[in-house]
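Next comes start17.cif, with mmCIF, N, CA and C atoms.
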data_coords
loop_
_atom_site.label_atom_id
_atom_site.label_comp_id
_atom_site.auth_asym_id
_atom_site.auth_seq_id
_atom_site.Cartn_x
_atom_site.Cartn_y
_atom_site.Cartn_z
N MET M 1317 -8.70 -5.92 -19.20
CA MET M 1317 -8.22 -5.74 -17.84
C MET M 1317 -9.42 -5.43 -16.93
N PRO M 1318 -9.50 -6.09 -15.80
CA PRO M 1318 -10.63 -5.83 -14.89
C PRO M 1318 -10.55 -4.43 -14.30
N PRO M 1319 -11.70 -3.88 -13.90
CA PRO M 1319 -11.69 -2.53 -13.31
C PRO M 1319 -10.94 -2.52 -11.98
N ALA M 1320 -10.48 -1.34 -11.61
CA ALA M 1320 -9.74 -1.18 -10.35
C ALA M 1320 -10.67 -1.47 -9.17
N ARG M 1321 -10.12 -2.14 -8.16
CA ARG M 1321 -10.87 -2.36 -6.93
C ARG M 1321 -10.97 -1.03 -6.20
N LYS M 1322 -12.12 -0.78 -5.62
CA LYS M 1322 -12.38 0.52 -4.99
C LYS M 1322 -12.30 0.41 -3.47
N PHE M 1323 -11.62 1.40 -2.90
CA PHE M 1323 -11.47 1.49 -1.46
C PHE M 1323 -11.84 2.90 -1.02
N LYS M 1324 -12.32 3.01 0.19
CA LYS M 1324 -12.68 4.31 0.75
C LYS M 1324 -11.88 4.48 2.03
N LYS M 1325 -11.28 5.66 2.21
CA LYS M 1325 -10.51 5.93 3.42
C LYS M 1325 -11.28 6.94 4.27
N PHE M 1326 -11.52 6.58 5.51
CA PHE M 1326 -12.28 7.41 6.43
C PHE M 1326 -11.36 8.31 7.25
N MET M 1327 -11.96 9.32 7.89
CA MET M 1327 -11.20 10.26 8.71
C MET M 1327 -10.41 9.56 9.82
N ASN M 1328 -10.94 8.47 10.33
CA ASN M 1328 -10.26 7.74 11.40
C ASN M 1328 -9.16 6.83 10.86
N ARG M 1329 -8.79 7.01 9.59
CA ARG M 1329 -7.73 6.28 8.89
C ARG M 1329 -8.10 4.85 8.53
N LYS M 1330 -9.32 4.45 8.76
CA LYS M 1330 -9.73 3.11 8.37
C LYS M 1330 -9.97 3.05 6.86
N LEU M 1331 -9.60 1.91 6.29
CA LEU M 1331 -9.82 1.67 4.87
C LEU M 1331 -10.95 0.67 4.71
N TYR M 1332 -11.83 0.93 3.77
CA TYR M 1332 -12.95 0.04 3.53
C TYR M 1332 -12.90 -0.42 2.08
N ASP M 1333 -12.90 -1.74 1.89
CA ASP M 1333 -12.91 -2.35 0.57
C ASP M 1333 -14.37 -2.38 0.10
N LEU M 1334 -14.71 -1.51 -0.84
CA LEU M 1334 -16.09 -1.43 -1.31
C LEU M 1334 -16.51 -2.68 -2.06
N ASP M 1335 -15.57 -3.32 -2.76
CA ASP M 1335 -15.90 -4.53 -3.51
C ASP M 1335 -16.04 -5.74 -2.59
N GLY M 1336 -15.23 -5.78 -1.54
CA GLY M 1336 -15.28 -6.91 -0.61
C GLY M 1336 -16.16 -6.67 0.59
N SER M 1337 -16.69 -5.46 0.72
CA SER M 1337 -17.58 -5.08 1.84
C SER M 1337 -16.96 -5.41 3.20
N ARG M 1338 -15.72 -4.91 3.40
CA ARG M 1338 -15.05 -5.16 4.68
C ARG M 1338 -13.94 -4.13 4.89
N TYR M 1339 -13.60 -3.93 6.14
CA TYR M 1339 -12.47 -3.07 6.48
C TYR M 1339 -11.18 -3.85 6.25
N VAL M 1340 -10.15 -3.15 5.79
CA VAL M 1340 -8.85 -3.77 5.52
C VAL M 1340 -7.75 -2.91 6.11
N SER M 1341 -6.59 -3.52 6.28
CA SER M 1341 -5.42 -2.79 6.76
C SER M 1341 -4.60 -2.29 5.56
N MET M 1342 -3.63 -1.45 5.84
CA MET M 1342 -2.72 -0.99 4.80
C MET M 1342 -1.96 -2.16 4.19
N VAL M 1343 -1.60 -3.12 5.02
CA VAL M 1343 -0.89 -4.30 4.53
C VAL M 1343 -1.80 -5.10 3.59
N ASP M 1344 -3.07 -5.22 3.93
CA ASP M 1344 -4.03 -5.89 3.04
C ASP M 1344 -4.09 -5.18 1.69
N LEU M 1345 -4.12 -3.85 1.73
CA LEU M 1345 -4.15 -3.08 0.49
C LEU M 1345 -2.88 -3.32 -0.31
N ALA M 1346 -1.73 -3.30 0.35
CA ALA M 1346 -0.46 -3.56 -0.33
C ALA M 1346 -0.43 -4.95 -0.93
N ASN M 1347 -0.96 -5.92 -0.22
CA ASN M 1347 -1.01 -7.29 -0.74
C ASN M 1347 -1.93 -7.39 -1.95
N THR M 1348 -3.00 -6.62 -1.95
CA THR M 1348 -3.92 -6.59 -3.09
C THR M 1348 -3.19 -6.08 -4.33
N VAL M 1349 -2.42 -5.02 -4.16
CA VAL M 1349 -1.65 -4.46 -5.27
C VAL M 1349 -0.56 -5.45 -5.70
N ALA M 1350 0.10 -6.06 -4.73
CA ALA M 1350 1.17 -7.02 -5.03
C ALA M 1350 0.65 -8.22 -5.81
N SER M 1351 -0.62 -8.56 -5.60
CA SER M 1351 -1.19 -9.71 -6.31
C SER M 1351 -1.59 -9.35 -7.74
N GLY M 1352 -1.45 -8.05 -8.10
CA GLY M 1352 -1.69 -7.64 -9.47
C GLY M 1352 -2.95 -6.83 -9.70
N ASP M 1353 -3.74 -6.60 -8.66
CA ASP M 1353 -4.96 -5.82 -8.81
C ASP M 1353 -4.66 -4.33 -8.82
N ASP M 1354 -5.37 -3.60 -9.66
CA ASP M 1354 -5.33 -2.14 -9.62
C ASP M 1354 -6.31 -1.69 -8.56
N VAL M 1355 -5.99 -0.58 -7.90
CA VAL M 1355 -6.87 -0.06 -6.85
C VAL M 1355 -7.10 1.43 -7.03
N THR M 1356 -8.21 1.89 -6.51
CA THR M 1356 -8.52 3.30 -6.42
C THR M 1356 -8.97 3.57 -5.00
N VAL M 1357 -8.41 4.62 -4.39
CA VAL M 1357 -8.77 4.97 -3.02
C VAL M 1357 -9.31 6.41 -3.02
N VAL M 1358 -10.48 6.58 -2.43
CA VAL M 1358 -11.07 7.92 -2.34
C VAL M 1358 -11.27 8.29 -0.88
N ASP M 1359 -11.15 9.58 -0.61
CA ASP M 1359 -11.40 10.11 0.72
C ASP M 1359 -12.91 10.15 0.94
N ASP M 1360 -13.37 9.58 2.04
CA ASP M 1360 -14.81 9.50 2.31
C ASP M 1360 -15.45 10.87 2.43
N ARG M 1361 -14.75 11.79 3.06
CA ARG M 1361 -15.32 13.10 3.34
C ARG M 1361 -15.39 13.99 2.10
N THR M 1362 -14.30 13.99 1.31
CA THR M 1362 -14.22 14.92 0.18
C THR M 1362 -14.50 14.27 -1.17
N GLY M 1363 -14.36 12.95 -1.23
CA GLY M 1363 -14.52 12.25 -2.50
C GLY M 1363 -13.30 12.35 -3.40
N ARG M 1364 -12.24 12.99 -2.89
CA ARG M 1364 -11.00 13.18 -3.64
C ARG M 1364 -10.24 11.87 -3.81
N ASP M 1365 -9.62 11.68 -4.95
CA ASP M 1365 -8.80 10.49 -5.20
C ASP M 1365 -7.50 10.63 -4.42
N ILE M 1366 -7.26 9.72 -3.50
CA ILE M 1366 -6.05 9.75 -2.68
C ILE M 1366 -5.25 8.46 -2.85
N THR M 1367 -5.37 7.87 -4.03
CA THR M 1367 -4.70 6.60 -4.30
C THR M 1367 -3.19 6.70 -4.12
N PHE M 1368 -2.57 7.74 -4.70
CA PHE M 1368 -1.11 7.86 -4.63
C PHE M 1368 -0.62 7.91 -3.19
N GLN M 1369 -1.21 8.79 -2.39
CA GLN M 1369 -0.78 8.95 -1.00
C GLN M 1369 -0.99 7.64 -0.22
N THR M 1370 -2.11 6.99 -0.48
CA THR M 1370 -2.42 5.77 0.25
C THR M 1370 -1.47 4.64 -0.15
N LEU M 1371 -1.15 4.54 -1.43
CA LEU M 1371 -0.21 3.51 -1.87
C LEU M 1371 1.19 3.76 -1.33
N ALA M 1372 1.58 5.02 -1.18
CA ALA M 1372 2.88 5.33 -0.58
C ALA M 1372 2.91 4.82 0.85
N ARG M 1373 1.84 5.04 1.58
CA ARG M 1373 1.75 4.55 2.96
C ARG M 1373 1.73 3.01 3.00
N ALA M 1374 1.01 2.41 2.06
CA ALA M 1374 0.94 0.94 2.00
C ALA M 1374 2.32 0.35 1.70
N LEU M 1375 3.08 1.03 0.84
CA LEU M 1375 4.45 0.58 0.56
C LEU M 1375 5.28 0.60 1.83
N TYR M 1376 5.19 1.70 2.57
CA TYR M 1376 5.92 1.81 3.83
C TYR M 1376 5.54 0.67 4.78
N GLU M 1377 4.26 0.40 4.93
CA GLU M 1377 3.81 -0.66 5.85
C GLU M 1377 4.28 -2.03 5.39
N ARG M 1378 4.27 -2.28 4.08
CA ARG M 1378 4.71 -3.57 3.56
C ARG M 1378 6.20 -3.77 3.79
N VAL M 1379 7.00 -2.71 3.54
CA VAL M 1379 8.44 -2.81 3.76
C VAL M 1379 8.73 -2.98 5.25
N LYS M 1380 8.03 -2.24 6.09
CA LYS M 1380 8.20 -2.37 7.54
C LYS M 1380 7.92 -3.80 7.97
N GLY M 1381 6.86 -4.39 7.44
CA GLY M 1381 6.52 -5.78 7.77
C GLY M 1381 7.57 -6.75 7.27
N TYR M 1382 8.16 -6.47 6.11
CA TYR M 1382 9.22 -7.31 5.56
C TYR M 1382 10.41 -7.35 6.51
N TYR M 1383 10.84 -6.17 6.97
CA TYR M 1383 11.99 -6.13 7.87
C TYR M 1383 11.68 -6.75 9.22
N HIS M 1384 10.47 -6.58 9.70
CA HIS M 1384 10.09 -7.21 10.97
C HIS M 1384 10.16 -8.72 10.84
N ALA M 1385 9.63 -9.26 9.74
CA ALA M 1385 9.66 -10.71 9.52
C ALA M 1385 11.09 -11.20 9.33
N ARG M 1386 11.90 -10.42 8.61
CA ARG M 1386 13.29 -10.80 8.39
C ARG M 1386 14.05 -10.84 9.71
N ASP M 1387 13.83 -9.83 10.55
CA ASP M 1387 14.51 -9.79 11.85
C ASP M 1387 14.06 -10.95 12.73
N ALA M 1388 12.81 -11.35 12.62
CA ALA M 1388 12.31 -12.48 13.41
C ALA M 1388 12.97 -13.78 12.97
N ARG M 1389 13.35 -13.87 11.68
CA ARG M 1389 14.01 -15.08 11.17
C ARG M 1389 15.51 -15.06 11.45
N LYS M 1390 16.01 -13.93 11.90
CA LYS M 1390 17.42 -13.74 12.27
C LYS M 1390 18.39 -14.05 11.13
N GLY M 1391 18.88 -13.00 10.56
CA GLY M 1391 19.99 -13.13 9.64
C GLY M 1391 19.65 -13.43 8.20
N VAL M 1392 18.40 -13.41 7.82
CA VAL M 1392 18.09 -13.62 6.41
C VAL M 1392 18.48 -12.34 5.67
N PRO M 1393 19.45 -12.43 4.75
CA PRO M 1393 19.94 -11.22 4.09
C PRO M 1393 18.97 -10.71 3.03
N GLY M 1394 19.25 -9.51 2.56
CA GLY M 1394 18.52 -8.97 1.42
C GLY M 1394 17.50 -7.93 1.80
N GLU M 1395 17.01 -7.29 0.78
CA GLU M 1395 16.00 -6.26 0.92
C GLU M 1395 14.90 -6.55 -0.09
N PRO M 1396 13.70 -6.01 0.12
CA PRO M 1396 12.60 -6.32 -0.79
C PRO M 1396 12.82 -5.82 -2.21
N PHE M 1397 13.62 -4.77 -2.39
CA PHE M 1397 14.00 -4.28 -3.70
C PHE M 1397 15.25 -3.43 -3.52
N ALA M 1398 15.91 -3.15 -4.62
CA ALA M 1398 17.19 -2.44 -4.56
C ALA M 1398 17.05 -1.03 -4.02
N ARG M 1399 17.98 -0.65 -3.16
CA ARG M 1399 17.96 0.70 -2.58
C ARG M 1399 18.05 1.78 -3.64
N ASP M 1400 18.85 1.52 -4.69
CA ASP M 1400 18.98 2.55 -5.72
C ASP M 1400 17.66 2.77 -6.45
N SER M 1401 16.83 1.74 -6.57
CA SER M 1401 15.51 1.91 -7.18
C SER M 1401 14.64 2.82 -6.34
N LEU M 1402 14.69 2.64 -5.04
CA LEU M 1402 13.91 3.50 -4.14
C LEU M 1402 14.44 4.92 -4.19
N ALA M 1403 15.75 5.08 -4.20
CA ALA M 1403 16.34 6.41 -4.26
C ALA M 1403 15.94 7.12 -5.57
N LYS M 1404 15.93 6.39 -6.69
CA LYS M 1404 15.51 6.97 -7.97
C LYS M 1404 14.05 7.40 -7.90
N LEU M 1405 13.22 6.61 -7.28
CA LEU M 1405 11.81 6.94 -7.15
C LEU M 1405 11.65 8.24 -6.36
N ILE M 1406 12.36 8.35 -5.25
CA ILE M 1406 12.27 9.55 -4.41
C ILE M 1406 12.77 10.77 -5.18
N ARG M 1407 13.86 10.61 -5.92
CA ARG M 1407 14.40 11.74 -6.69
C ARG M 1407 13.48 12.16 -7.83
N SER M 1408 12.65 11.25 -8.32
CA SER M 1408 11.80 11.57 -9.46
C SER M 1408 10.58 12.41 -9.07
N ILE M 1409 10.31 12.54 -7.78
CA ILE M 1409 9.15 13.32 -7.34
C ILE M 1409 9.57 14.77 -7.24
N PRO M 1410 8.91 15.65 -8.01
CA PRO M 1410 9.30 17.07 -8.02
C PRO M 1410 9.05 17.75 -6.68
#

Can the structure from this file be put into structure tokens for me?
Amino acid sequence: MPPARKFKKFMNRKLYDLDGSRYVSMVDLANTVASGDDVTVVDDRTGRDITFQTLARALYERVKGYYHARDARKGVPGEPFARDSLAKLIRSIP
């Protein structure tokens, strides 16, 4: 398995892809994960691993984009994944 792609998150909320040498959006990060790549995100100031928090935000941005695109297409039914799966995920966090 290839090593995780590394990202750095700055105080101004910008994400930097260390492997690609470019700034990326949360949606770009979500798309990277969706394509099957593992990622690691560290806080620039503290060096702390903030992958979990960043992926939670990326999930939110990806779902928000899904609904925006769906609404633009008018009437395309469905959701990106089952609501009960999301509810189980939320309940599993202590």

Exercise. Find the residue from M:Val1358, M:Ala1374, M:Leu1405, M:Leu1334 that sits nearest to Ala1346 (chain M); use all atoms listed in the file when measuring.
Key: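 Residue with the minimum atom-to-atom distance to Ala1346 (chain M): M:Ala1374.
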
Quiz item: With only C-alpha atoms as the atoms that count, which of M:Leu1345, M:Lys1330, M:Asp1335, M:Arg1378 lies nearest to Asp1359 (chain M)?
Solution: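 Nearest candidate to Asp1359 (chain M) out of M:Leu1345, M:Lys1330, M:Asp1335, M:Arg1378: M:Lys1330.
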
Quiz prompt | Selected residue, from M:Ala1320, M:Met1327, M:Leu1402, M:Ser1337, that lies nearest to Leu1375 (chain M) when counting only C-alpha atoms | solution = M:Leu1402

Self-check item: Polymer residues at most 12 Å from Phe1368 (chain M), only C-alpha atoms, same-chain spacing of 2 or more positions, as a ChimeraX atom specification
Solution: /M:1354-1359,1364-1366,1370-1375,1409

Practice problem: For atom N of Arg1407 (chain M) and atom N of Ser1341 (chain M), determine how far apart the two atoms are, in Å to one decimal place. | Solution: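 Computed distance, atom N of Arg1407 (chain M) to atom N of Ser1341 (chain M), equals 27.7 Å.
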